[in-house]
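Source file: work04.txt; contents: compact mmCIF, C-alpha atoms.
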# COMPACT_ATOMS: atom_id res chain seq x y z
CA MET S 1 24.50 -14.95 -5.98
CA LYS S 2 22.71 -18.30 -5.72
CA ILE S 3 18.99 -17.60 -5.51
CA GLY S 4 16.12 -20.06 -5.10
CA ILE S 5 12.74 -18.86 -6.31
CA LEU S 6 9.75 -20.88 -5.15
CA GLY S 7 6.75 -20.68 -7.48
CA THR S 8 6.42 -20.54 -11.26
CA GLY S 9 3.53 -18.09 -11.62
CA MET S 10 3.79 -14.49 -12.80
CA VAL S 11 5.60 -13.36 -9.65
CA GLY S 12 8.18 -16.16 -9.69
CA ARG S 13 8.82 -15.63 -13.40
CA ALA S 14 9.25 -11.84 -13.05
CA HIS S 15 11.90 -12.29 -10.36
CA ALA S 16 13.64 -15.17 -12.13
CA GLN S 17 13.96 -13.27 -15.40
CA LYS S 18 15.24 -10.11 -13.74
CA LEU S 19 17.77 -11.93 -11.55
CA VAL S 20 19.10 -14.04 -14.44
CA GLU S 21 19.51 -10.85 -16.49
CA LEU S 22 21.53 -9.44 -13.60
CA GLY S 23 23.85 -12.47 -13.81
CA HIS S 24 22.73 -14.44 -10.78
CA ASP S 25 22.66 -18.23 -10.47
CA VAL S 26 18.91 -18.76 -10.21
CA MET S 27 16.88 -21.93 -9.78
CA ILE S 28 13.10 -21.71 -10.00
CA GLY S 29 11.26 -24.34 -7.96
CA THR S 30 7.98 -26.10 -8.59
CA GLY S 31 5.99 -29.02 -7.22
CA ASP S 32 6.40 -31.21 -10.32
CA VAL S 33 9.05 -30.22 -12.87
CA ASP S 34 7.73 -32.42 -15.70
CA LYS S 35 4.20 -31.20 -15.26
CA THR S 36 5.32 -27.56 -15.15
CA LEU S 37 7.42 -27.95 -18.33
CA ASN S 38 4.75 -29.84 -20.25
CA LYS S 39 1.62 -27.94 -19.32
CA ILE S 40 0.08 -26.24 -22.34
CA SER S 41 -1.93 -23.12 -21.61
CA GLU S 42 -2.26 -19.50 -22.66
CA ASN S 43 0.65 -18.39 -20.49
CA ASP S 44 2.41 -21.70 -20.23
CA PHE S 45 5.67 -21.90 -18.34
CA ASN S 46 7.72 -23.59 -21.03
CA SER S 47 7.12 -20.95 -23.72
CA TRP S 48 8.54 -18.43 -21.31
CA TYR S 49 11.23 -20.64 -19.77
CA LYS S 50 12.93 -21.62 -23.04
CA ASN S 51 13.79 -17.94 -23.64
CA ILE S 52 15.48 -17.39 -20.28
CA ASP S 53 19.08 -18.52 -20.88
CA GLY S 54 20.73 -19.97 -17.81
CA LEU S 55 17.68 -20.27 -15.59
CA LYS S 56 17.62 -23.60 -13.76
CA ILE S 57 14.47 -25.43 -12.81
CA GLY S 58 14.05 -27.94 -10.00
CA ALA S 59 11.70 -29.36 -7.44
CA PHE S 60 10.82 -27.06 -4.53
CA THR S 61 13.34 -28.92 -2.35
CA GLU S 62 16.14 -28.48 -4.92
CA ALA S 63 15.46 -24.76 -5.36
CA ALA S 64 15.41 -24.32 -1.59
CA VAL S 65 18.79 -26.05 -1.22
CA HIS S 66 20.22 -24.14 -4.21
CA GLY S 67 19.45 -20.68 -2.88
CA GLU S 68 21.58 -18.72 -0.45
CA LEU S 69 18.62 -16.38 -0.62
CA ILE S 70 15.04 -17.61 -1.08
CA ILE S 71 12.12 -15.83 -2.72
CA ASN S 72 8.70 -17.18 -1.82
CA ALA S 73 6.38 -16.58 -4.77
CA ILE S 74 4.13 -19.57 -4.12
CA LYS S 75 0.41 -18.92 -4.39
CA GLY S 76 -0.84 -17.86 -0.95
CA GLU S 77 -3.21 -20.77 -0.48
CA MET S 78 -0.35 -23.30 -0.84
CA ALA S 79 2.59 -21.32 0.55
CA LEU S 80 2.50 -22.41 4.17
CA ALA S 81 2.00 -26.11 3.38
CA VAL S 82 4.86 -26.18 0.85
CA LEU S 83 7.32 -24.10 2.86
CA SER S 84 6.77 -26.20 5.99
CA LEU S 85 7.98 -29.25 4.03
CA LEU S 86 11.19 -27.47 2.99
CA TYR S 87 12.33 -26.85 6.53
CA ASP S 88 15.86 -28.27 6.20
CA GLY S 89 16.64 -26.47 2.95
CA LEU S 90 15.52 -23.14 4.35
CA ASN S 91 17.35 -23.21 7.68
CA ASN S 92 19.35 -20.04 8.47
CA LYS S 93 18.33 -18.46 5.19
CA ILE S 94 16.54 -15.22 4.42
CA ILE S 95 13.15 -15.83 2.85
CA ILE S 96 11.75 -12.88 0.92
CA ASP S 97 8.04 -13.59 1.31
CA ILE S 98 5.89 -12.00 -1.40
CA SER S 99 2.82 -14.20 -0.97
CA ASN S 100 -0.63 -12.82 -0.13
CA PRO S 101 -3.32 -14.84 1.69
CA LEU S 102 -5.85 -14.60 -1.12
CA GLU S 103 -8.65 -17.13 -1.40
CA PHE S 104 -10.82 -17.11 -4.52
CA ASP S 105 -14.25 -18.68 -4.34
CA GLU S 106 -16.27 -20.07 -7.24
CA LYS S 107 -17.75 -16.66 -8.03
CA ARG S 108 -14.20 -15.28 -8.36
CA SER S 109 -14.83 -13.05 -5.40
CA VAL S 110 -11.86 -12.82 -3.15
CA LYS S 111 -11.10 -12.72 0.53
CA LEU S 112 -8.10 -13.13 2.82
CA PHE S 113 -7.83 -16.49 4.51
CA VAL S 114 -5.90 -14.96 7.36
CA CYS S 115 -5.96 -11.34 8.54
CA ASN S 116 -6.35 -8.82 11.34
CA THR S 117 -4.95 -10.80 14.30
CA ASP S 118 -2.53 -12.92 12.27
CA SER S 119 -0.90 -12.94 8.82
CA LEU S 120 0.58 -15.37 6.34
CA GLY S 121 4.00 -13.82 6.96
CA GLU S 122 3.72 -14.63 10.66
CA GLN S 123 2.49 -18.14 9.97
CA ILE S 124 5.46 -18.80 7.70
CA GLN S 125 7.91 -17.39 10.26
CA LYS S 126 6.31 -19.56 12.96
CA ALA S 127 6.52 -22.70 10.77
CA LEU S 128 10.19 -21.94 9.97
CA PRO S 129 11.66 -20.58 13.21
CA ASP S 130 15.23 -21.06 11.95
CA SER S 131 14.66 -19.00 8.80
CA LEU S 132 14.60 -15.21 8.57
CA VAL S 133 11.32 -14.22 6.96
CA VAL S 134 11.07 -10.73 5.47
CA LYS S 135 7.69 -9.82 4.05
CA THR S 136 7.96 -7.36 1.18
CA LEU S 137 6.80 -6.47 -2.35
CA ASN S 138 3.37 -8.06 -1.74
CA THR S 139 1.71 -4.67 -2.16
CA VAL S 140 2.60 -4.26 -5.85
CA ASN S 141 2.16 -6.03 -9.17
CA ALA S 142 4.88 -8.51 -10.26
CA ASN S 143 6.28 -6.22 -12.99
CA LEU S 144 6.56 -3.31 -10.60
CA GLN S 145 8.17 -5.53 -7.97
CA VAL S 146 11.26 -6.01 -10.13
CA ASN S 147 11.03 -2.75 -12.14
CA PRO S 148 9.78 0.03 -9.86
CA SER S 149 11.05 2.65 -12.31
CA LEU S 150 8.20 1.71 -14.67
CA LEU S 151 6.00 3.95 -12.49
CA SER S 152 6.67 7.63 -11.64
CA ASP S 153 10.42 7.20 -12.07
CA GLY S 154 10.40 4.86 -9.05
CA ASN S 155 9.20 7.49 -6.58
CA HIS S 156 6.78 5.30 -4.68
CA ASP S 157 6.99 3.10 -1.61
CA VAL S 158 7.58 -0.50 -0.67
CA PHE S 159 7.54 -1.95 2.84
CA VAL S 160 9.55 -4.54 4.78
CA SER S 161 8.34 -6.47 7.84
CA GLY S 162 10.45 -8.94 9.77
CA ASN S 163 11.86 -9.89 13.15
CA ASN S 164 15.54 -9.75 12.23
CA GLU S 165 17.05 -6.29 11.69
CA LYS S 166 20.05 -7.52 9.73
CA ALA S 167 17.87 -9.61 7.42
CA LYS S 168 15.68 -6.59 6.72
CA GLN S 169 18.73 -4.46 5.98
CA LEU S 170 20.05 -7.08 3.54
CA VAL S 171 16.66 -7.34 1.84
CA ALA S 172 16.46 -3.54 1.57
CA LYS S 173 19.93 -3.56 -0.06
CA PHE S 174 18.75 -6.31 -2.41
CA LEU S 175 15.65 -4.31 -3.37
CA LYS S 176 17.72 -1.20 -4.02
CA GLU S 177 20.67 -2.69 -5.85
CA PHE S 178 18.97 -5.42 -7.87
CA TYR S 179 15.58 -3.89 -8.61
CA GLY S 180 16.12 -0.16 -8.13
CA TRP S 181 13.70 0.52 -5.28
CA LYS S 182 14.32 3.99 -3.83
CA ASN S 183 11.87 4.22 -0.92
CA ILE S 184 11.83 1.24 1.43
CA ILE S 185 9.88 1.66 4.66
CA ASP S 186 10.71 -0.70 7.53
CA LEU S 187 7.35 -1.18 9.29
CA GLY S 188 8.66 -3.26 12.17
CA ASP S 189 8.47 -6.91 13.13
CA ILE S 190 6.71 -9.63 11.15
CA THR S 191 3.34 -8.81 12.78
CA THR S 192 3.29 -5.65 10.63
CA ALA S 193 2.73 -7.95 7.64
CA ARG S 194 -0.91 -7.83 8.81
CA GLY S 195 -1.02 -4.29 7.46
CA THR S 196 0.53 -4.94 4.05
CA GLU S 197 -1.40 -8.16 3.49
CA ALA S 198 -4.70 -6.44 4.39
CA LEU S 199 -3.80 -3.69 1.90
CA MET S 200 -4.58 -6.31 -0.74
CA ILE S 201 -8.33 -5.67 -0.25
CA MET S 202 -7.78 -2.02 -1.20
CA TRP S 203 -5.38 -3.00 -3.99
CA LEU S 204 -8.02 -5.21 -5.62
CA ASN S 205 -10.62 -2.42 -5.42
CA LEU S 206 -8.21 0.07 -6.95
CA SER S 207 -7.12 -2.34 -9.64
CA THR S 208 -10.78 -2.83 -10.66
CA LYS S 209 -11.38 0.92 -10.52
CA PHE S 210 -8.32 1.90 -12.57
CA GLY S 211 -8.39 -1.07 -14.96
CA THR S 212 -4.67 -1.57 -14.47
CA ALA S 213 -2.30 -3.17 -11.97
CA MET S 214 0.39 -0.58 -12.61
CA PHE S 215 -0.14 1.69 -9.65
CA ASN S 216 1.31 2.07 -6.21
CA TYR S 217 1.10 4.10 -3.03
CA LYS S 218 3.36 6.89 -1.97
CA ILE S 219 3.15 8.03 1.61
CA LEU S 220 3.33 11.77 2.14
CA LYS S 221 4.27 13.17 5.49
CA MET T 1 -26.75 23.95 5.79
CA LYS T 2 -28.17 22.09 8.80
CA ILE T 3 -25.65 19.43 9.80
CA GLY T 4 -25.91 16.83 12.55
CA ILE T 5 -22.62 15.48 13.87
CA LEU T 6 -22.83 12.33 15.95
CA GLY T 7 -19.96 11.90 18.41
CA THR T 8 -18.05 14.36 20.59
CA GLY T 9 -14.55 12.91 20.32
CA MET T 10 -11.65 14.40 18.33
CA VAL T 11 -13.27 13.59 14.98
CA GLY T 12 -16.68 15.04 15.83
CA ARG T 13 -15.07 18.18 17.28
CA ALA T 14 -12.82 18.74 14.25
CA HIS T 15 -15.81 18.62 11.88
CA ALA T 16 -18.06 20.71 14.14
CA GLN T 17 -15.49 23.48 14.51
CA LYS T 18 -14.72 23.62 10.80
CA LEU T 19 -18.37 23.60 9.73
CA VAL T 20 -19.38 26.28 12.26
CA GLU T 21 -16.48 28.44 11.00
CA LEU T 22 -17.92 27.99 7.51
CA GLY T 23 -21.24 29.36 8.75
CA HIS T 24 -23.30 26.16 8.91
CA ASP T 25 -26.05 25.42 11.43
CA VAL T 26 -24.39 22.54 13.29
CA MET T 27 -25.62 20.41 16.16
CA ILE T 28 -23.23 17.95 17.79
CA GLY T 29 -24.92 14.89 19.28
CA THR T 30 -23.99 12.84 22.31
CA GLY T 31 -25.48 10.09 24.47
CA ASP T 32 -25.93 12.29 27.55
CA VAL T 33 -25.65 16.06 27.14
CA ASP T 34 -25.21 16.87 30.84
CA LYS T 35 -22.54 14.26 31.28
CA THR T 36 -20.68 15.43 28.19
CA LEU T 37 -20.77 19.09 29.32
CA ASN T 38 -19.75 18.35 32.89
CA LYS T 39 -17.05 15.77 32.41
CA ILE T 40 -13.67 17.05 33.58
CA SER T 41 -10.63 15.55 31.88
CA GLU T 42 -7.47 16.54 30.04
CA ASN T 43 -9.29 17.17 26.79
CA ASP T 44 -12.72 17.77 28.19
CA PHE T 45 -15.53 18.67 25.84
CA ASN T 46 -16.72 21.77 27.63
CA SER T 47 -13.37 23.62 27.56
CA TRP T 48 -13.46 23.21 23.81
CA TYR T 49 -17.21 23.72 23.32
CA LYS T 50 -17.44 27.07 25.11
CA ASN T 51 -15.10 28.58 22.50
CA ILE T 52 -17.13 27.47 19.48
CA ASP T 53 -19.71 30.23 19.03
CA GLY T 54 -22.99 29.02 17.61
CA LEU T 55 -22.42 25.29 17.91
CA LYS T 56 -25.51 23.53 19.26
CA ILE T 57 -25.39 20.39 21.37
CA GLY T 58 -28.14 17.82 21.72
CA ALA T 59 -28.89 14.18 22.34
CA PHE T 60 -28.03 11.83 19.48
CA THR T 61 -31.72 11.79 18.46
CA GLU T 62 -31.88 15.59 18.35
CA ALA T 63 -28.71 15.94 16.30
CA ALA T 64 -30.01 13.29 13.88
CA VAL T 65 -33.30 15.15 13.42
CA HIS T 66 -31.49 18.52 13.13
CA GLY T 67 -29.20 17.50 10.29
CA GLU T 68 -30.12 17.52 6.61
CA LEU T 69 -26.71 15.89 6.36
CA ILE T 70 -25.32 13.56 9.06
CA ILE T 71 -21.71 12.92 10.00
CA ASN T 72 -21.09 9.72 11.94
CA ALA T 73 -18.07 10.27 14.17
CA ILE T 74 -19.16 7.84 16.89
CA LYS T 75 -16.48 5.53 18.21
CA GLY T 76 -16.51 2.37 16.06
CA GLU T 77 -17.39 0.00 18.89
CA MET T 78 -20.63 1.91 19.62
CA ALA T 79 -21.52 3.26 16.18
CA LEU T 80 -23.81 0.50 14.95
CA ALA T 81 -25.75 0.23 18.21
CA VAL T 82 -26.34 3.98 18.43
CA LEU T 83 -27.17 4.54 14.76
CA SER T 84 -29.67 1.68 14.73
CA LEU T 85 -31.66 3.50 17.44
CA LEU T 86 -31.79 6.71 15.37
CA TYR T 87 -33.54 5.10 12.44
CA ASP T 88 -36.40 7.63 12.10
CA GLY T 89 -34.18 10.70 12.30
CA LEU T 90 -31.81 9.34 9.68
CA ASN T 91 -34.34 8.26 7.05
CA ASN T 92 -33.61 9.51 3.53
CA LYS T 93 -30.50 11.33 4.69
CA ILE T 94 -26.90 11.04 3.63
CA ILE T 95 -24.68 9.70 6.42
CA ILE T 96 -21.00 10.48 6.03
CA ASP T 97 -19.56 7.52 7.93
CA ILE T 98 -16.04 8.15 9.27
CA SER T 99 -16.01 5.41 11.90
CA ASN T 100 -13.46 2.61 11.97
CA PRO T 101 -14.10 -0.83 13.53
CA LEU T 102 -11.27 -0.58 16.04
CA GLU T 103 -11.32 -2.64 19.18
CA PHE T 104 -8.75 -1.96 21.89
CA ASP T 105 -7.98 -4.66 24.39
CA GLU T 106 -6.56 -4.21 27.88
CA LYS T 107 -3.00 -4.24 26.58
CA ARG T 108 -3.89 -1.33 24.22
CA SER T 109 -3.23 -3.58 21.28
CA VAL T 110 -5.73 -3.08 18.54
CA LYS T 111 -7.68 -5.14 16.07
CA LEU T 112 -10.67 -4.72 13.77
CA PHE T 113 -13.92 -6.18 15.09
CA VAL T 114 -15.19 -6.65 11.55
CA CYS T 115 -13.13 -7.03 8.37
CA ASN T 116 -12.36 -8.95 5.19
CA THR T 117 -15.83 -10.30 4.30
CA ASP T 118 -17.81 -7.48 5.90
CA SER T 119 -17.27 -3.92 7.14
CA LEU T 120 -18.72 -1.46 9.61
CA GLY T 121 -19.88 0.68 6.68
CA GLU T 122 -21.88 -2.23 5.30
CA GLN T 123 -23.33 -3.06 8.70
CA ILE T 124 -24.50 0.53 9.15
CA GLN T 125 -26.02 0.61 5.64
CA LYS T 126 -27.78 -2.67 6.35
CA ALA T 127 -29.15 -1.41 9.68
CA LEU T 128 -30.37 1.81 8.00
CA PRO T 129 -31.66 0.73 4.59
CA ASP T 130 -33.49 4.05 4.06
CA SER T 131 -30.35 6.14 4.63
CA LEU T 132 -27.56 6.76 2.13
CA VAL T 133 -24.30 5.73 3.78
CA VAL T 134 -21.09 7.08 2.26
CA LYS T 135 -17.91 5.85 3.88
CA THR T 136 -15.10 8.37 3.64
CA LEU T 137 -12.29 10.18 5.50
CA ASN T 138 -11.71 7.15 7.78
CA THR T 139 -8.21 6.75 6.34
CA VAL T 140 -6.83 10.00 7.75
CA ASN T 141 -6.38 11.82 11.05
CA ALA T 142 -9.20 14.15 12.23
CA ASN T 143 -7.21 17.34 11.54
CA LEU T 144 -6.38 16.24 8.03
CA GLN T 145 -9.99 15.22 7.40
CA VAL T 146 -11.14 18.85 7.60
CA ASN T 147 -7.86 20.53 6.57
CA PRO T 148 -6.20 18.40 3.86
CA SER T 149 -4.04 21.38 2.83
CA LEU T 150 -2.05 20.92 6.06
CA LEU T 151 -0.18 18.14 4.22
CA SER T 152 1.63 18.49 0.87
CA ASP T 153 -0.61 21.36 -0.23
CA GLY T 154 -3.54 18.91 -0.27
CA ASN T 155 -2.09 16.68 -3.00
CA HIS T 156 -3.06 13.35 -1.45
CA ASP T 157 -6.05 11.06 -1.73
CA VAL T 158 -9.29 10.33 0.01
CA PHE T 159 -11.81 7.63 -0.90
CA VAL T 160 -15.61 7.32 -1.04
CA SER T 161 -17.59 4.06 -0.88
CA GLY T 162 -21.37 3.86 -1.15
CA ASN T 163 -24.29 2.32 -2.98
CA ASN T 164 -25.90 5.56 -4.17
CA GLU T 165 -24.10 7.46 -6.94
CA LYS T 166 -25.82 10.77 -6.31
CA ALA T 167 -25.05 10.60 -2.59
CA LYS T 168 -21.37 9.96 -3.37
CA GLN T 169 -21.30 12.91 -5.77
CA LEU T 170 -22.83 15.18 -3.12
CA VAL T 171 -20.34 13.98 -0.52
CA ALA T 172 -17.46 14.55 -2.95
CA LYS T 173 -18.74 18.11 -3.54
CA PHE T 174 -18.98 18.58 0.24
CA LEU T 175 -15.39 17.36 0.72
CA LYS T 176 -14.13 19.67 -2.01
CA GLU T 177 -16.06 22.82 -1.20
CA PHE T 178 -16.13 22.70 2.59
CA TYR T 179 -12.79 21.05 3.39
CA GLY T 180 -10.71 21.59 0.26
CA TRP T 181 -10.08 17.97 -0.76
CA LYS T 182 -8.65 17.84 -4.29
CA ASN T 183 -8.36 14.13 -5.02
CA ILE T 184 -11.42 12.03 -4.23
CA ILE T 185 -11.42 8.45 -5.49
CA ASP T 186 -14.78 6.69 -5.81
CA LEU T 187 -13.95 3.06 -5.00
CA GLY T 188 -17.42 1.66 -5.73
CA ASP T 189 -20.27 0.37 -3.60
CA ILE T 190 -20.29 0.17 0.19
CA THR T 191 -18.50 -3.21 0.17
CA THR T 192 -15.34 -1.31 -0.84
CA ALA T 193 -15.34 0.09 2.71
CA ARG T 194 -13.68 -3.25 3.54
CA GLY T 195 -10.56 -1.89 1.85
CA THR T 196 -10.42 1.50 3.55
CA GLU T 197 -11.30 0.11 6.98
CA ALA T 198 -8.62 -2.59 6.69
CA LEU T 199 -6.14 0.16 5.76
CA MET T 200 -6.38 1.13 9.42
CA ILE T 201 -4.00 -1.74 10.32
CA MET T 202 -1.36 -0.21 8.05
CA TRP T 203 -2.20 3.29 9.25
CA LEU T 204 -1.53 2.31 12.87
CA ASN T 205 1.81 0.72 11.93
CA LEU T 206 2.85 3.82 9.97
CA SER T 207 1.70 6.15 12.72
CA THR T 208 3.89 4.26 15.22
CA LYS T 209 6.77 4.24 12.77
CA PHE T 210 6.61 7.95 11.90
CA GLY T 211 5.63 9.18 15.36
CA THR T 212 2.92 11.37 13.83
CA ALA T 213 -0.62 11.04 12.51
CA MET T 214 -0.08 13.74 9.90
CA PHE T 215 0.53 11.56 6.86
CA ASN T 216 -1.54 10.19 4.05
CA TYR T 217 -1.38 8.07 0.91
CA LYS T 218 -1.19 9.28 -2.63
CA ILE T 219 -1.82 6.75 -5.34
CA LEU T 220 0.46 7.01 -8.35
CA LYS T 221 -0.56 5.46 -11.65
Have the structure of the file written as structure tokens, please.
Amino acid sequence: MKIGILGTGMVGRAHAQKLVELGHDVMIGTGDVDKTLNKISENDFNSWYKNIDGLKIGAFTEAAVHGELIINAIKGEMALAVLSLLYDGLNNKIIIDISNPLEFDEKRSVKLFVCNTDSLGEQIQKALPDSLVVKTLNTVNANLQVNPSLLSDGNHDVFVSGNNEKAKQLVAKFLKEFYGWKNIIDLGDITTARGTEALMIMWLNLSTKFGTAMFNYKILK
Amino acid sequence: MKIGILGTGMVGRAHAQKLVELGHDVMIGTGDVDKTLNKISENDFNSWYKNIDGLKIGAFTEAAVHGELIINAIKGEMALAVLSLLYDGLNNKIIIDISNPLEFDEKRSVKLFVCNTDSLGEQIQKALPDSLVVKTLNTVNANLQVNPSLLSDGNHDVFVSGNNEKAKQLVAKFLKEFYGWKNIIDLGDITTARGTEALMIMWLNLSTKFGTAMFNYKILK
């Protein structure tokens, strides 16, 4: 399957690596390909990228056009601005939106830049009315997103929110067959992304408390 | 133990009934005792109250003075205003704060009236600097709050947030010994109430989805 992944951070890389391993035709998109490939840092992109045989890299627009399915792993603060520019390439496509509306201030404290009566998922759907936005996976760490079996043999929950039933069903199938998710809870329309995005406040508290990002919720009923 | 419960709704009643059954000296507080006792409605207070032998009722001020320990079960929209007036009666006492900052509009849609960069728990602690506010139980239904074993043999989680370590330890002991909670996660200071209060958005979505309020989270790590 031709998949376009937008964003070259930890989330974009985790999905790209997993999907290439599964044999898909994946292009990872970035704002400036040269800059991304030449940046030297502790976790620089190129050191990782050169070991992923077959992964393509392109500008955001190229990755959007490449994908039959799109994964939005752009940092929350930039996601809406970038996606709005990709309108044509994203038309009639499913966008798996993993972004969270996190805003870090100078003291490294964190808040949501949209919440409660709106969500980033809704804003993206509104900016791209001809795309099918499905919010999911934003409640777990990047490694767990693509390898849920790393925790409790995969017996924990992930959520989907979106306005299109068929798109949500296809995304649920994708999560099951490609990543191995067992428990996928359909919360409802895209407004329910308010709940999963706001969960990030709790997630950050728990992550500090536990000293690890490898945890997740299971709902008992 | 002398316990003051503020609020005569479902949450206040659940705690009052349980604590009276356990043999405590409980007074339930309300804004207007006569009005509360004489109101006729589907779930009126008096039909319930007359069956709870030994439960005292008083004005908010009386219940605050009565309790060595205070449980705030006042509706979120009124909680801060009422508690601020009870300052003297609440001095040097632990307040178990169960309220959530829910605001219902005319269409019965719901939002939080404080979230993200502040919380109702913090506002109450700020208004009552000489009290020890511990936010807890606000993530589960009233029946589960006092009877966690009704779900999955009690193997699910509840959280505490507060600035005073000793107060949190006493509240955790209270939750274990009086109600039977097994898993109590100390999230940190009162600012972590932002996380559990914001969880309410998700809780409401899940409650709609499942058609029941008898569910809870378990964190796997």
Distance limit 8 Å, atoms considered: all atoms listed in the file. Which chain S residues sit that close to chain T? Return them as an mmCIF file with C-alpha atoms, in the frame of the given file.
data_model
loop_
_atom_site.group_PDB
_atom_site.id
_atom_site.type_symbol
_atom_site.label_atom_id
_atom_site.label_comp_id
_atom_site.auth_asym_id
_atom_site.auth_seq_id
_atom_site.Cartn_x
_atom_site.Cartn_y
_atom_site.Cartn_z
ATOM 1 C CA LYS S 111 -11.100 -12.720 0.530
ATOM 2 C CA LEU S 112 -8.100 -13.130 2.820
ATOM 3 C CA CYS S 115 -5.960 -11.340 8.540
ATOM 4 C CA ASN S 116 -6.350 -8.820 11.340
ATOM 5 C CA THR S 117 -4.950 -10.800 14.300
ATOM 6 C CA LEU S 151 6.000 3.950 -12.490
ATOM 7 C CA SER S 152 6.670 7.630 -11.640
ATOM 8 C CA HIS S 156 6.780 5.300 -4.680
ATOM 9 C CA LEU S 187 7.350 -1.180 9.290
ATOM 10 C CA GLY S 188 8.660 -3.260 12.170
ATOM 11 C CA THR S 192 3.290 -5.650 10.630
ATOM 12 C CA ARG S 194 -0.910 -7.830 8.810
ATOM 13 C CA GLY S 195 -1.020 -4.290 7.460
ATOM 14 C CA THR S 196 0.530 -4.940 4.050
ATOM 15 C CA ALA S 198 -4.700 -6.440 4.390
ATOM 16 C CA LEU S 199 -3.800 -3.690 1.900
ATOM 17 C CA MET S 200 -4.580 -6.310 -0.740
ATOM 18 C CA ILE S 201 -8.330 -5.670 -0.250
ATOM 19 C CA MET S 202 -7.780 -2.020 -1.200
ATOM 20 C CA TRP S 203 -5.380 -3.000 -3.990
ATOM 21 C CA ASN S 205 -10.620 -2.420 -5.420
ATOM 22 C CA LEU S 206 -8.210 0.070 -6.950
ATOM 23 C CA LYS S 209 -11.380 0.920 -10.520
ATOM 24 C CA MET S 214 0.390 -0.580 -12.610
ATOM 25 C CA PHE S 215 -0.140 1.690 -9.650
ATOM 26 C CA ASN S 216 1.310 2.070 -6.210
ATOM 27 C CA TYR S 217 1.100 4.100 -3.030
ATOM 28 C CA LYS S 218 3.360 6.890 -1.970
ATOM 29 C CA ILE S 219 3.150 8.030 1.610
ATOM 30 C CA LEU S 220 3.330 11.770 2.140
ATOM 31 C CA LYS S 221 4.270 13.170 5.490
#
Proximity to Asn147 of chain T - best of T:Gly12, T:Gly121, T:Gly180, T:Gly89, all atoms listed in the file: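 Checking each of T:Gly12, T:Gly121, T:Gly180, T:Gly89 against Asn147 of chain T, counting all atoms listed in the file, the winner is T:Gly180.
Distances to Leu83 of chain S were evaluated for S:Gly23, S:Gly7, S:Pro148, S:Pro101 using all atoms listed in the file, and the minimum falls at S:Gly7.
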Show me, as a CSV table (one decimal) with C-alpha atoms, in the frame of the given file, the residues that have an atom within 12 Å of Val133 of chain T when counting all atoms listed in the file, minus same-chain residues fewer than 2 positions from it.
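Contents of the output file around23.csv:
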chain,number,residue,atom,x,y,z
T,69,LEU,CA,-26.7,15.9,6.4
T,70,ILE,CA,-25.3,13.6,9.1
T,71,ILE,CA,-21.7,12.9,10.0
T,72,ASN,CA,-21.1,9.7,11.9
T,83,LEU,CA,-27.2,4.5,14.8
T,90,LEU,CA,-31.8,9.3,9.7
T,91,ASN,CA,-34.3,8.3,7.0
T,92,ASN,CA,-33.6,9.5,3.5
T,93,LYS,CA,-30.5,11.3,4.7
T,94,ILE,CA,-26.9,11.0,3.6
T,95,ILE,CA,-24.7,9.7,6.4
T,96,ILE,CA,-21.0,10.5,6.0
T,97,ASP,CA,-19.6,7.5,7.9
T,98,ILE,CA,-16.0,8.2,9.3
T,99,SER,CA,-16.0,5.4,11.9
T,120,LEU,CA,-18.7,-1.5,9.6
T,121,GLY,CA,-19.9,0.7,6.7
T,122,GLU,CA,-21.9,-2.2,5.3
T,123,GLN,CA,-23.3,-3.1,8.7
T,124,ILE,CA,-24.5,0.5,9.2
T,125,GLN,CA,-26.0,0.6,5.6
T,126,LYS,CA,-27.8,-2.7,6.4
T,127,ALA,CA,-29.2,-1.4,9.7
T,128,LEU,CA,-30.4,1.8,8.0
T,129,PRO,CA,-31.7,0.7,4.6
T,130,ASP,CA,-33.5,4.0,4.1
T,131,SER,CA,-30.4,6.1,4.6
T,135,LYS,CA,-17.9,5.8,3.9
T,136,THR,CA,-15.1,8.4,3.6
T,160,VAL,CA,-15.6,7.3,-1.0
T,161,SER,CA,-17.6,4.1,-0.9
T,162,GLY,CA,-21.4,3.9,-1.2
T,163,ASN,CA,-24.3,2.3,-3.0
T,164,ASN,CA,-25.9,5.6,-4.2
T,165,GLU,CA,-24.1,7.5,-6.9
T,166,LYS,CA,-25.8,10.8,-6.3
T,167,ALA,CA,-25.0,10.6,-2.6
T,168,LYS,CA,-21.4,10.0,-3.4
T,170,LEU,CA,-22.8,15.2,-3.1
T,171,VAL,CA,-20.3,14.0,-0.5
T,189,ASP,CA,-20.3,0.4,-3.6
T,190,ILE,CA,-20.3,0.2,0.2
T,191,THR,CA,-18.5,-3.2,0.2
T,193,ALA,CA,-15.3,0.1,2.7
How many Å separate atom CA of Asp44 of chain T from atom CA of Gly58 of chain T? 16.7 Å
Quick one, how far is atom CA of Trp181 of chain S from atom CA of Asn143 of chain S? 12.6 Å
Can you pull out every residue within 9 Å of His15 of chain S, counting all atoms listed in the file, but drop anything in the same chain fewer than 4 positions away, and send it as a list in words? Ile5, Met10, Val11, Leu19, Val20, Ile71, Ala73, Ala142, Asn143, Gln145 and Val146 of chain S
Quick one: distance from atom CA of Val26 of chain S to atom CA of Ser149 of chain S in Å, one decimal? 22.9 Å
Spatial neighbours of Asn51 of chain T, 12 Å, all atoms listed in the file, chain gap at least 6 places, as a list in words: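 Using all atoms listed in the file, the neighbours found are Arg13, Ala16, Gln17, Val20, Glu21 and Phe45 of chain T.
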